[in-house]
>>> print(open('coords25.cif').read())   # mmCIF, N, CA and C atoms and all ligand atoms
data_work
#
loop_
_atom_site.label_atom_id
_atom_site.label_comp_id
_atom_site.auth_asym_id
_atom_site.auth_seq_id
_atom_site.Cartn_x
_atom_site.Cartn_y
_atom_site.Cartn_z
N MET V 1 -33.66 65.99 183.30
CA MET V 1 -32.59 66.04 184.30
C MET V 1 -32.24 64.61 184.75
N GLY V 2 -32.03 63.73 183.81
CA GLY V 2 -31.81 62.33 184.09
C GLY V 2 -30.55 62.03 184.89
N ASP V 3 -29.58 62.97 184.90
CA ASP V 3 -28.34 62.68 185.61
C ASP V 3 -28.27 63.37 186.97
N CYS V 4 -29.37 63.98 187.42
CA CYS V 4 -29.33 64.68 188.70
C CYS V 4 -29.65 63.71 189.83
N PHE V 5 -28.72 63.60 190.80
CA PHE V 5 -28.89 62.70 191.94
C PHE V 5 -30.20 63.01 192.68
N ILE V 6 -30.46 64.28 192.91
CA ILE V 6 -31.63 64.66 193.71
C ILE V 6 -32.93 64.40 192.96
N CYS V 7 -32.98 64.75 191.66
CA CYS V 7 -34.18 64.43 190.87
C CYS V 7 -34.42 62.93 190.84
N ASN V 8 -33.35 62.15 190.68
CA ASN V 8 -33.51 60.69 190.65
C ASN V 8 -33.99 60.15 191.99
N LYS V 9 -33.50 60.75 193.07
CA LYS V 9 -33.95 60.33 194.41
C LYS V 9 -35.46 60.60 194.55
N HIS V 10 -35.91 61.79 194.13
CA HIS V 10 -37.34 62.12 194.25
C HIS V 10 -38.19 61.17 193.41
N ALA V 11 -37.64 60.76 192.26
CA ALA V 11 -38.38 59.87 191.37
C ALA V 11 -38.39 58.44 191.89
N GLY V 12 -37.60 58.18 192.94
CA GLY V 12 -37.57 56.85 193.52
C GLY V 12 -36.68 55.88 192.75
N SER V 13 -35.85 56.40 191.85
CA SER V 13 -35.04 55.50 191.03
C SER V 13 -33.67 55.19 191.63
N ILE V 14 -33.32 55.84 192.76
CA ILE V 14 -32.13 55.42 193.49
C ILE V 14 -32.50 55.24 194.96
N GLN V 15 -31.77 54.36 195.61
CA GLN V 15 -31.99 54.08 197.02
C GLN V 15 -31.08 54.97 197.85
N SER V 16 -31.60 55.50 198.95
CA SER V 16 -30.84 56.41 199.78
C SER V 16 -31.05 56.01 201.24
N SER V 17 -30.14 56.43 202.12
CA SER V 17 -30.23 56.04 203.53
C SER V 17 -31.54 56.49 204.16
N GLY V 18 -32.01 55.71 205.12
CA GLY V 18 -33.18 56.10 205.88
C GLY V 18 -34.45 56.02 205.05
N VAL V 19 -35.45 56.77 205.50
CA VAL V 19 -36.72 56.82 204.79
C VAL V 19 -37.14 58.29 204.65
N MET V 20 -38.06 58.54 203.73
CA MET V 20 -38.56 59.88 203.52
C MET V 20 -39.18 60.41 204.81
N ILE V 21 -38.85 61.64 205.17
CA ILE V 21 -39.39 62.25 206.39
C ILE V 21 -40.63 63.07 206.08
N TYR V 22 -40.58 63.81 204.99
CA TYR V 22 -41.70 64.69 204.63
C TYR V 22 -41.63 64.98 203.13
N GLU V 23 -42.79 65.10 202.52
CA GLU V 23 -42.83 65.47 201.10
C GLU V 23 -44.14 66.16 200.80
N ASP V 24 -44.07 67.24 200.04
CA ASP V 24 -45.29 67.85 199.48
C ASP V 24 -44.98 68.31 198.06
N ASP V 25 -45.79 69.20 197.51
CA ASP V 25 -45.58 69.60 196.12
C ASP V 25 -44.28 70.37 195.91
N TYR V 26 -43.73 70.96 197.00
CA TYR V 26 -42.60 71.86 196.85
C TYR V 26 -41.28 71.35 197.41
N VAL V 27 -41.35 70.54 198.46
CA VAL V 27 -40.13 70.14 199.16
C VAL V 27 -40.12 68.65 199.46
N TYR V 28 -38.90 68.13 199.63
CA TYR V 28 -38.69 66.72 200.01
C TYR V 28 -37.66 66.74 201.12
N VAL V 29 -37.94 65.99 202.21
CA VAL V 29 -37.03 65.96 203.36
C VAL V 29 -36.61 64.53 203.64
N GLY V 30 -35.30 64.34 203.77
CA GLY V 30 -34.77 63.02 204.10
C GLY V 30 -33.45 63.17 204.85
N HIS V 31 -32.86 62.03 205.21
CA HIS V 31 -31.57 62.04 205.90
C HIS V 31 -30.45 61.95 204.87
N ILE V 32 -29.29 62.51 205.18
CA ILE V 32 -28.18 62.42 204.23
C ILE V 32 -27.71 60.97 204.11
N ASP V 33 -27.22 60.65 202.93
CA ASP V 33 -26.70 59.32 202.63
C ASP V 33 -25.18 59.42 202.50
N ARG V 34 -24.47 58.52 203.17
CA ARG V 34 -23.01 58.61 203.12
C ARG V 34 -22.39 57.37 202.47
N ASN V 35 -23.13 56.75 201.58
CA ASN V 35 -22.58 55.64 200.80
C ASN V 35 -22.00 54.53 201.67
N GLY V 36 -22.72 54.17 202.72
CA GLY V 36 -22.27 53.05 203.55
C GLY V 36 -21.37 53.44 204.69
N LYS V 37 -20.84 54.68 204.68
CA LYS V 37 -20.04 55.13 205.83
C LYS V 37 -20.99 55.42 206.99
N PRO V 38 -20.48 55.37 208.25
CA PRO V 38 -21.37 55.66 209.39
C PRO V 38 -22.03 57.02 209.22
N ASN V 39 -23.32 57.07 209.51
CA ASN V 39 -24.08 58.31 209.37
C ASN V 39 -24.01 59.12 210.65
N TYR V 40 -23.76 60.43 210.53
CA TYR V 40 -23.95 61.34 211.65
C TYR V 40 -25.45 61.48 211.82
N LEU V 41 -25.96 61.11 212.98
CA LEU V 41 -27.41 61.09 213.17
C LEU V 41 -27.94 62.51 213.30
N GLY V 42 -28.91 62.82 212.47
CA GLY V 42 -29.51 64.15 212.53
C GLY V 42 -28.93 65.12 211.51
N HIS V 43 -28.37 64.60 210.42
CA HIS V 43 -27.97 65.44 209.28
C HIS V 43 -29.04 65.27 208.20
N ILE V 44 -29.94 66.25 208.17
CA ILE V 44 -31.13 66.19 207.34
C ILE V 44 -30.92 67.03 206.09
N MET V 45 -31.55 66.63 205.01
CA MET V 45 -31.51 67.41 203.78
C MET V 45 -32.92 67.83 203.40
N ILE V 46 -33.09 69.13 203.16
CA ILE V 46 -34.35 69.64 202.61
C ILE V 46 -34.08 69.96 201.15
N ASP V 47 -34.76 69.29 200.24
CA ASP V 47 -34.59 69.53 198.81
C ASP V 47 -35.80 70.29 198.28
N LEU V 48 -35.55 71.25 197.39
CA LEU V 48 -36.66 71.78 196.60
C LEU V 48 -37.02 70.71 195.58
N LYS V 49 -38.32 70.54 195.32
CA LYS V 49 -38.69 69.50 194.37
C LYS V 49 -38.25 69.87 192.95
N ARG V 50 -38.36 71.15 192.62
CA ARG V 50 -38.03 71.60 191.26
C ARG V 50 -36.52 71.68 191.09
N HIS V 51 -36.05 71.27 189.94
CA HIS V 51 -34.62 71.31 189.65
C HIS V 51 -34.19 72.73 189.30
N THR V 52 -33.59 73.40 190.28
CA THR V 52 -33.07 74.74 190.07
C THR V 52 -31.96 74.92 191.11
N PRO V 53 -30.90 75.68 190.80
CA PRO V 53 -29.71 75.60 191.65
C PRO V 53 -29.68 76.42 192.93
N THR V 54 -30.28 77.60 192.97
CA THR V 54 -29.97 78.47 194.11
C THR V 54 -31.20 78.90 194.90
N LEU V 55 -30.93 79.40 196.11
CA LEU V 55 -31.99 79.94 196.96
C LEU V 55 -32.76 81.05 196.24
N GLY V 56 -32.06 81.78 195.39
CA GLY V 56 -32.67 82.91 194.69
C GLY V 56 -33.60 82.52 193.56
N ASP V 57 -33.65 81.25 193.23
CA ASP V 57 -34.52 80.78 192.14
C ASP V 57 -35.92 80.40 192.60
N MET V 58 -36.14 80.41 193.92
CA MET V 58 -37.44 79.94 194.40
C MET V 58 -38.54 80.95 194.13
N THR V 59 -39.73 80.43 193.80
CA THR V 59 -40.92 81.27 193.75
C THR V 59 -41.34 81.57 195.20
N VAL V 60 -42.27 82.50 195.36
CA VAL V 60 -42.76 82.82 196.70
C VAL V 60 -43.37 81.58 197.36
N GLU V 61 -44.14 80.81 196.59
CA GLU V 61 -44.78 79.62 197.15
C GLU V 61 -43.72 78.59 197.59
N GLU V 62 -42.70 78.41 196.76
CA GLU V 62 -41.64 77.48 197.12
C GLU V 62 -40.88 77.95 198.37
N ALA V 63 -40.61 79.25 198.42
CA ALA V 63 -39.86 79.80 199.55
C ALA V 63 -40.66 79.67 200.85
N GLN V 64 -41.97 79.86 200.77
CA GLN V 64 -42.80 79.69 201.97
C GLN V 64 -42.74 78.24 202.45
N ALA V 65 -42.89 77.30 201.54
CA ALA V 65 -42.85 75.89 201.92
C ALA V 65 -41.47 75.52 202.48
N PHE V 66 -40.44 76.02 201.83
CA PHE V 66 -39.06 75.72 202.25
C PHE V 66 -38.79 76.28 203.65
N GLY V 67 -39.20 77.51 203.88
CA GLY V 67 -38.95 78.14 205.17
C GLY V 67 -39.72 77.48 206.30
N VAL V 68 -40.95 77.12 206.03
CA VAL V 68 -41.77 76.50 207.08
C VAL V 68 -41.20 75.12 207.44
N ILE V 69 -40.83 74.33 206.44
CA ILE V 69 -40.34 72.99 206.77
C ILE V 69 -38.96 73.08 207.43
N MET V 70 -38.17 74.08 207.08
CA MET V 70 -36.88 74.29 207.74
C MET V 70 -37.08 74.49 209.24
N ALA V 71 -38.05 75.32 209.60
CA ALA V 71 -38.33 75.58 211.01
C ALA V 71 -38.90 74.33 211.70
N ARG V 72 -39.80 73.64 211.02
CA ARG V 72 -40.46 72.49 211.65
C ARG V 72 -39.49 71.34 211.87
N VAL V 73 -38.64 71.07 210.88
CA VAL V 73 -37.65 69.99 211.03
C VAL V 73 -36.64 70.35 212.13
N SER V 74 -36.26 71.61 212.19
CA SER V 74 -35.32 72.04 213.23
C SER V 74 -35.94 71.84 214.62
N LYS V 75 -37.19 72.21 214.75
CA LYS V 75 -37.86 72.03 216.05
C LYS V 75 -37.97 70.55 216.39
N ALA V 76 -38.24 69.72 215.39
CA ALA V 76 -38.34 68.28 215.64
C ALA V 76 -36.99 67.72 216.11
N LEU V 77 -35.90 68.19 215.54
CA LEU V 77 -34.58 67.71 215.98
C LEU V 77 -34.31 68.12 217.43
N ILE V 78 -34.76 69.30 217.80
CA ILE V 78 -34.56 69.76 219.18
C ILE V 78 -35.45 68.98 220.14
N GLU V 79 -36.72 68.85 219.80
CA GLU V 79 -37.68 68.23 220.72
C GLU V 79 -37.54 66.71 220.76
N SER V 80 -37.38 66.09 219.59
CA SER V 80 -37.38 64.63 219.53
C SER V 80 -35.99 64.04 219.73
N GLU V 81 -34.96 64.70 219.20
CA GLU V 81 -33.60 64.15 219.24
C GLU V 81 -32.72 64.84 220.27
N LYS V 82 -33.28 65.85 220.96
CA LYS V 82 -32.58 66.56 222.01
C LYS V 82 -31.35 67.33 221.51
N ALA V 83 -31.40 67.76 220.25
CA ALA V 83 -30.34 68.63 219.75
C ALA V 83 -30.36 69.93 220.54
N GLU V 84 -29.16 70.53 220.76
CA GLU V 84 -29.13 71.81 221.47
C GLU V 84 -29.00 72.98 220.50
N HIS V 85 -28.63 72.69 219.26
CA HIS V 85 -28.50 73.75 218.26
C HIS V 85 -28.65 73.14 216.87
N ILE V 86 -29.10 73.97 215.91
CA ILE V 86 -29.29 73.50 214.53
C ILE V 86 -28.48 74.38 213.59
N TYR V 87 -27.62 73.73 212.82
CA TYR V 87 -26.89 74.44 211.77
C TYR V 87 -27.61 74.25 210.44
N SER V 88 -27.44 75.22 209.52
CA SER V 88 -27.95 75.01 208.17
C SER V 88 -26.93 75.53 207.17
N LEU V 89 -26.94 74.91 206.00
CA LEU V 89 -25.94 75.23 204.99
C LEU V 89 -26.50 74.91 203.61
N VAL V 90 -26.32 75.83 202.67
CA VAL V 90 -26.59 75.55 201.27
C VAL V 90 -25.28 75.71 200.52
N SER V 91 -24.82 74.65 199.87
CA SER V 91 -23.61 74.74 199.07
C SER V 91 -23.99 74.55 197.59
N GLY V 92 -24.24 73.31 197.20
CA GLY V 92 -24.58 73.05 195.80
C GLY V 92 -23.37 72.90 194.90
N ASN V 93 -22.17 72.85 195.50
CA ASN V 93 -20.96 72.67 194.68
C ASN V 93 -20.98 71.35 193.92
N SER V 94 -21.51 70.31 194.56
CA SER V 94 -21.46 69.00 193.89
C SER V 94 -22.75 68.65 193.16
N VAL V 95 -23.89 69.12 193.64
CA VAL V 95 -25.17 68.83 192.95
C VAL V 95 -25.92 70.16 192.78
N PRO V 96 -26.08 70.64 191.54
CA PRO V 96 -26.71 71.95 191.31
C PRO V 96 -28.23 71.89 191.32
N HIS V 97 -28.75 71.34 192.41
CA HIS V 97 -30.20 71.26 192.63
C HIS V 97 -30.39 71.67 194.08
N LEU V 98 -31.18 72.74 194.29
CA LEU V 98 -31.26 73.37 195.61
C LEU V 98 -31.58 72.38 196.73
N HIS V 99 -30.68 72.30 197.68
CA HIS V 99 -30.89 71.47 198.88
C HIS V 99 -30.19 72.13 200.05
N MET V 100 -30.82 72.09 201.20
CA MET V 100 -30.26 72.70 202.41
C MET V 100 -29.90 71.60 203.40
N HIS V 101 -28.66 71.67 203.90
CA HIS V 101 -28.24 70.76 204.96
C HIS V 101 -28.71 71.31 206.30
N ILE V 102 -29.35 70.48 207.08
CA ILE V 102 -29.78 70.83 208.43
C ILE V 102 -29.04 69.86 209.36
N VAL V 103 -28.20 70.39 210.23
CA VAL V 103 -27.32 69.52 211.02
C VAL V 103 -27.52 69.80 212.51
N ALA V 104 -27.90 68.75 213.24
CA ALA V 104 -28.10 68.88 214.68
C ALA V 104 -26.74 68.93 215.39
N ARG V 105 -26.65 69.78 216.40
CA ARG V 105 -25.51 69.71 217.33
C ARG V 105 -26.05 69.25 218.67
N TYR V 106 -25.41 68.23 219.23
CA TYR V 106 -25.90 67.63 220.46
C TYR V 106 -25.18 68.20 221.68
N PRO V 107 -25.84 68.08 222.85
CA PRO V 107 -25.21 68.57 224.08
C PRO V 107 -23.86 67.91 224.31
N ASN V 108 -22.96 68.65 224.90
CA ASN V 108 -21.61 68.19 225.25
C ASN V 108 -20.66 68.10 224.06
N THR V 109 -21.09 68.58 222.88
CA THR V 109 -20.15 68.66 221.76
C THR V 109 -19.08 69.70 222.12
N PRO V 110 -17.80 69.32 222.14
CA PRO V 110 -16.76 70.30 222.48
C PRO V 110 -16.76 71.46 221.48
N GLU V 111 -16.46 72.65 221.99
CA GLU V 111 -16.61 73.85 221.16
C GLU V 111 -15.74 73.82 219.90
N GLU V 112 -14.61 73.10 219.95
CA GLU V 112 -13.78 73.06 218.73
C GLU V 112 -14.45 72.31 217.59
N TYR V 113 -15.54 71.59 217.88
CA TYR V 113 -16.27 70.86 216.83
C TYR V 113 -17.59 71.53 216.49
N TRP V 114 -17.78 72.76 216.92
CA TRP V 114 -19.01 73.48 216.60
C TRP V 114 -18.97 73.95 215.15
N GLY V 115 -19.99 73.59 214.38
CA GLY V 115 -20.11 74.01 212.99
C GLY V 115 -20.79 72.91 212.20
N PRO V 116 -21.40 73.27 211.05
CA PRO V 116 -22.19 72.29 210.30
C PRO V 116 -21.36 71.13 209.74
N MET V 117 -20.11 71.31 209.49
CA MET V 117 -19.25 70.22 209.03
C MET V 117 -18.35 69.73 210.17
N GLU V 118 -17.99 70.63 211.05
CA GLU V 118 -17.05 70.33 212.12
C GLU V 118 -17.57 69.25 213.07
N VAL V 119 -18.90 69.19 213.27
CA VAL V 119 -19.44 68.21 214.23
C VAL V 119 -19.05 66.77 213.85
N TYR V 120 -18.83 66.56 212.55
CA TYR V 120 -18.44 65.22 212.09
C TYR V 120 -17.10 64.76 212.66
N ASP V 121 -16.26 65.71 213.02
CA ASP V 121 -14.90 65.36 213.46
C ASP V 121 -14.83 64.96 214.93
N TRP V 122 -15.93 65.15 215.66
CA TRP V 122 -15.95 64.78 217.07
C TRP V 122 -16.04 63.26 217.17
N GLU V 123 -15.07 62.66 217.87
CA GLU V 123 -15.01 61.20 217.96
C GLU V 123 -16.26 60.59 218.61
N GLU V 124 -16.87 61.34 219.52
CA GLU V 124 -18.03 60.80 220.24
C GLU V 124 -19.36 61.25 219.63
N ALA V 125 -19.30 61.83 218.43
CA ALA V 125 -20.54 62.26 217.77
C ALA V 125 -21.45 61.05 217.57
N PRO V 126 -22.77 61.26 217.73
CA PRO V 126 -23.69 60.13 217.56
C PRO V 126 -23.79 59.70 216.09
N THR V 127 -23.34 58.49 215.81
CA THR V 127 -23.42 57.95 214.46
C THR V 127 -24.21 56.65 214.50
N GLY V 128 -24.64 56.19 213.34
CA GLY V 128 -25.41 54.96 213.31
C GLY V 128 -25.48 54.36 211.92
N ASP V 129 -25.91 53.12 211.88
CA ASP V 129 -26.07 52.43 210.60
C ASP V 129 -27.43 52.81 209.99
N ASN V 130 -27.77 52.16 208.88
CA ASN V 130 -29.00 52.53 208.19
C ASN V 130 -30.24 52.30 209.05
N ASN V 131 -30.20 51.27 209.89
CA ASN V 131 -31.36 51.03 210.77
C ASN V 131 -31.55 52.18 211.74
N ALA V 132 -30.44 52.69 212.28
CA ALA V 132 -30.54 53.83 213.20
C ALA V 132 -31.06 55.06 212.47
N VAL V 133 -30.65 55.22 211.21
CA VAL V 133 -31.14 56.37 210.42
C VAL V 133 -32.64 56.23 210.14
N ILE V 134 -33.07 55.01 209.83
CA ILE V 134 -34.50 54.78 209.59
C ILE V 134 -35.30 55.11 210.85
N GLU V 135 -34.78 54.69 212.01
CA GLU V 135 -35.49 54.98 213.26
C GLU V 135 -35.57 56.48 213.51
N LEU V 136 -34.46 57.18 213.27
CA LEU V 136 -34.46 58.64 213.47
C LEU V 136 -35.45 59.29 212.50
N CYS V 137 -35.43 58.90 211.25
CA CYS V 137 -36.35 59.48 210.25
C CYS V 137 -37.80 59.25 210.68
N THR V 138 -38.07 58.08 211.19
CA THR V 138 -39.43 57.74 211.60
C THR V 138 -39.86 58.59 212.80
N ARG V 139 -38.93 58.82 213.74
CA ARG V 139 -39.26 59.69 214.89
C ARG V 139 -39.56 61.11 214.43
N ILE V 140 -38.76 61.64 213.51
CA ILE V 140 -38.97 63.01 213.03
C ILE V 140 -40.29 63.10 212.26
N LYS V 141 -40.53 62.11 211.42
CA LYS V 141 -41.78 62.06 210.64
C LYS V 141 -42.99 62.05 211.57
N THR V 142 -42.92 61.22 212.60
CA THR V 142 -44.02 61.12 213.57
C THR V 142 -44.20 62.43 214.31
N TYR V 143 -43.07 63.05 214.72
CA TYR V 143 -43.16 64.34 215.41
C TYR V 143 -43.87 65.37 214.52
N LEU V 144 -43.49 65.43 213.25
CA LEU V 144 -44.10 66.41 212.34
C LEU V 144 -45.59 66.13 212.16
N GLU V 145 -45.94 64.86 212.08
CA GLU V 145 -47.36 64.52 211.91
C GLU V 145 -48.16 64.87 213.17
N ASN V 146 -47.53 64.73 214.33
CA ASN V 146 -48.22 65.02 215.58
C ASN V 146 -48.22 66.50 215.94
N HIS V 147 -47.43 67.29 215.22
CA HIS V 147 -47.35 68.73 215.48
C HIS V 147 -47.55 69.46 214.15
N ALA V 148 -48.65 69.15 213.49
CA ALA V 148 -48.86 69.61 212.11
C ALA V 148 -49.10 71.11 212.01
N HIS V 149 -49.47 71.75 213.11
CA HIS V 149 -49.81 73.17 213.02
C HIS V 149 -48.85 74.05 213.80
N GLU V 150 -47.61 73.57 213.98
CA GLU V 150 -46.61 74.39 214.70
C GLU V 150 -45.52 74.81 213.74
ZN ZN V 201 -32.39 67.87 190.01
#
>>> encode(input="coords25.cif", output="structure tokens")
Amino acid sequence: MGDCFICNKHAGSIQSSGVMIYEDDYVYVGHIDRNGKPNYLGHIMIDLKRHTPTLGDMTVEEAQAFGVIMARVSKALIESEKAEHIYSLVSGNSVPHLHMHIVARYPNTPEEYWGPMEVYDWEEAPTGDNNAVIELCTRIKTYLENHAHE
């Protein structure tokens, strides 16, 4: 799978925004990369390690790992980043390797911008450069390490 963006990211052969948040045998968690455009802070990606396209392709072991980290990352965004709600989305239209978008919604987001993609359109949405993304990733990573059994 030499041409898959996500496989190449896991192999460490391409550079992506922020730093790795969590990784085990089944899943990889990091922040979305926007190719130098300002990052919406708290748009996390959970990737299955194995190259397969859909939610329905997961083994039971993969699905357990995926579900648990989905809940833990969401809780970390709420507790550490003060998100008031968490959106999730699986598309795969552009990269056929299973990955779930986890998107924080922050307090005071006007209702017309509620949604996993819509939050980007809010002018006052919290955005940041790569340093801000690295700091956010580090806070989430630390939260997960400090709450390993929740
Ligand atoms: Zn892949």
>>> select_by_dssp(input="coords25.cif", residues="chain V", states="strand (DSSP E or B)", output="list in words")
Tyr22, Glu23, Val27, Tyr28, Val29, Gly30, His31, Asn39, Tyr40, His43, Ile44, Met45, Ile46, Asp47, Leu48, His85, Ile86, Tyr87, Ser88, Leu89, His99, Met100, His101, Ile102, Val103, Ala104, Arg105, Thr127 and Gly128 of chain V
>>> residues_near_ligand(input="coords25.cif", ligand="ligand ZN 201 (chain V)", cutoff="7 Å", atoms="only N, CA and C atoms and all ligand atoms", output="list in words")
Met1, Asp3, Cys4, Phe5, Ile6, Cys7, Asn8, Lys49, Arg50, His51, Thr52, Pro96, His97 and Leu98 of chain V
>>> atom_distance(input="coords25.cif", atom1="atom N of V:Val27", atom2="atom C of V:Ala65")
6.4 Å
>>> closest_residue(input="coords25.cif", among="V:Gly115, V:Ser74, V:Asn93, V:Tyr40", to="V:Leu144", atoms="only C-alpha atoms")
V:Ser74
>>> residues_around(input="coords25.cif", residues="V:Ile140", least_positions_apart="2", cutoff="7 Å", atoms="all atoms listed in the file", output="PyMOL selection string")
chain V and resi 21+76-77+80+135-138+142-145
>>> atom_distance(input="coords25.cif", atom1="atom N of V:Ile14", atom2="atom CA of V:Glu61")
26.8 Å
>>> select_by_dssp(input="coords25.cif", residues="chain V", states="alpha helix (DSSP H)", output="JSON, numbers by chain")
{"V": [5, 6, 7, 8, 9, 10, 60, 61, 62, 63, 64, 65, 66, 67, 68, 69, 70, 71, 72, 73, 74, 75, 76, 77, 78, 79, 80, 81, 130, 131, 132, 133, 134, 135, 136, 137, 138, 139, 140, 141, 142, 143, 144, 145, 146]}
>>> closest_residue(input="coords25.cif", among="V:His147, V:Lys141, V:Lys75, V:His43", to="V:Gly30", atoms="all atoms listed in the file")
V:His43
>>> residues_around(input="coords25.cif", residues="V:Phe66", least_positions_apart="2", cutoff="8 Å", atoms="all atoms listed in the file", output="PyMOL selection string")
chain V and resi 26-27+46-48+60-64+68-72
>>> decode(input="coords25.cif", residues="stretch 93-115 of chain V", atoms="N, CA and C atoms", output="PDB file, in the first residue's frame")
ATOM      1  N   ASN V  93     -14.023   9.049   1.428  1.00  0.00           N
ATOM      2  CA  ASN V  93     -14.117   9.365   0.000  1.00  0.00           C
ATOM      3  C   ASN V  93     -12.752   9.626  -0.620  1.00  0.00           C
ATOM      4  N   SER V  94     -11.865  10.266   0.141  1.00  0.00           N
ATOM      5  CA  SER V  94     -10.573  10.618  -0.452  1.00  0.00           C
ATOM      6  C   SER V  94      -9.470   9.616  -0.128  1.00  0.00           C
ATOM      7  N   VAL V  95      -9.528   8.974   1.032  1.00  0.00           N
ATOM      8  CA  VAL V  95      -8.504   7.974   1.386  1.00  0.00           C
ATOM      9  C   VAL V  95      -9.221   6.703   1.852  1.00  0.00           C
ATOM     10  N   PRO V  96      -9.132   5.604   1.084  1.00  0.00           N
ATOM     11  CA  PRO V  96      -9.873   4.376   1.430  1.00  0.00           C
ATOM     12  C   PRO V  96      -9.163   3.529   2.476  1.00  0.00           C
ATOM     13  N   HIS V  97      -8.854   4.174   3.589  1.00  0.00           N
ATOM     14  CA  HIS V  97      -8.227   3.501   4.736  1.00  0.00           C
ATOM     15  C   HIS V  97      -8.985   4.020   5.948  1.00  0.00           C
ATOM     16  N   LEU V  98      -9.604   3.102   6.698  1.00  0.00           N
ATOM     17  CA  LEU V  98     -10.546   3.495   7.750  1.00  0.00           C
ATOM     18  C   LEU V  98      -9.961   4.513   8.725  1.00  0.00           C
ATOM     19  N   HIS V  99     -10.605   5.654   8.801  1.00  0.00           N
ATOM     20  CA  HIS V  99     -10.236   6.697   9.767  1.00  0.00           C
ATOM     21  C   HIS V  99     -11.489   7.442  10.175  1.00  0.00           C
ATOM     22  N   MET V 100     -11.571   7.783  11.444  1.00  0.00           N
ATOM     23  CA  MET V 100     -12.729   8.496  11.971  1.00  0.00           C
ATOM     24  C   MET V 100     -12.306   9.899  12.390  1.00  0.00           C
ATOM     25  N   HIS V 101     -13.072  10.889  11.914  1.00  0.00           N
ATOM     26  CA  HIS V 101     -12.855  12.263  12.335  1.00  0.00           C
ATOM     27  C   HIS V 101     -13.574  12.482  13.666  1.00  0.00           C
ATOM     28  N   ILE V 102     -12.866  13.024  14.625  1.00  0.00           N
ATOM     29  CA  ILE V 102     -13.434  13.392  15.921  1.00  0.00           C
ATOM     30  C   ILE V 102     -13.259  14.905  16.033  1.00  0.00           C
ATOM     31  N   VAL V 103     -14.360  15.632  16.120  1.00  0.00           N
ATOM     32  CA  VAL V 103     -14.288  17.092  16.048  1.00  0.00           C
ATOM     33  C   VAL V 103     -14.941  17.712  17.284  1.00  0.00           C
ATOM     34  N   ALA V 104     -14.150  18.494  18.012  1.00  0.00           N
ATOM     35  CA  ALA V 104     -14.668  19.168  19.204  1.00  0.00           C
ATOM     36  C   ALA V 104     -15.534  20.355  18.795  1.00  0.00           C
ATOM     37  N   ARG V 105     -16.628  20.552  19.520  1.00  0.00           N
ATOM     38  CA  ARG V 105     -17.381  21.806  19.408  1.00  0.00           C
ATOM     39  C   ARG V 105     -17.212  22.541  20.727  1.00  0.00           C
ATOM     40  N   TYR V 106     -16.839  23.812  20.637  1.00  0.00           N
ATOM     41  CA  TYR V 106     -16.538  24.580  21.834  1.00  0.00           C
ATOM     42  C   TYR V 106     -17.739  25.421  22.267  1.00  0.00           C
ATOM     43  N   PRO V 107     -17.754  25.797  23.560  1.00  0.00           N
ATOM     44  CA  PRO V 107     -18.860  26.628  24.055  1.00  0.00           C
ATOM     45  C   PRO V 107     -18.966  27.920  23.258  1.00  0.00           C
ATOM     46  N   ASN V 108     -20.178  28.392  23.112  1.00  0.00           N
ATOM     47  CA  ASN V 108     -20.502  29.643  22.422  1.00  0.00           C
ATOM     48  C   ASN V 108     -20.438  29.544  20.900  1.00  0.00           C
ATOM     49  N   THR V 109     -20.245  28.329  20.367  1.00  0.00           N
ATOM     50  CA  THR V 109     -20.340  28.171  18.908  1.00  0.00           C
ATOM     51  C   THR V 109     -21.795  28.433  18.505  1.00  0.00           C
ATOM     52  N   PRO V 110     -22.037  29.412  17.618  1.00  0.00           N
ATOM     53  CA  PRO V 110     -23.428  29.680  17.217  1.00  0.00           C
ATOM     54  C   PRO V 110     -24.053  28.447  16.557  1.00  0.00           C
ATOM     55  N   GLU V 111     -25.348  28.277  16.791  1.00  0.00           N
ATOM     56  CA  GLU V 111     -26.001  27.043  16.366  1.00  0.00           C
ATOM     57  C   GLU V 111     -25.922  26.818  14.853  1.00  0.00           C
ATOM     58  N   GLU V 112     -25.830  27.900  14.072  1.00  0.00           N
ATOM     59  CA  GLU V 112     -25.751  27.688  12.612  1.00  0.00           C
ATOM     60  C   GLU V 112     -24.441  27.023  12.194  1.00  0.00           C
ATOM     61  N   TYR V 113     -23.467  26.959  13.110  1.00  0.00           N
ATOM     62  CA  TYR V 113     -22.190  26.305  12.803  1.00  0.00           C
ATOM     63  C   TYR V 113     -22.056  24.958  13.497  1.00  0.00           C
ATOM     64  N   TRP V 114     -23.145  24.422  14.015  1.00  0.00           N
ATOM     65  CA  TRP V 114     -23.100  23.121  14.665  1.00  0.00           C
ATOM     66  C   TRP V 114     -23.017  22.020  13.614  1.00  0.00           C
ATOM     67  N   GLY V 115     -22.012  21.163  13.724  1.00  0.00           N
ATOM     68  CA  GLY V 115     -21.837  20.030  12.819  1.00  0.00           C
ATOM     69  C   GLY V 115     -20.356  19.763  12.645  1.00  0.00           C
TER      70      GLY V 115
END
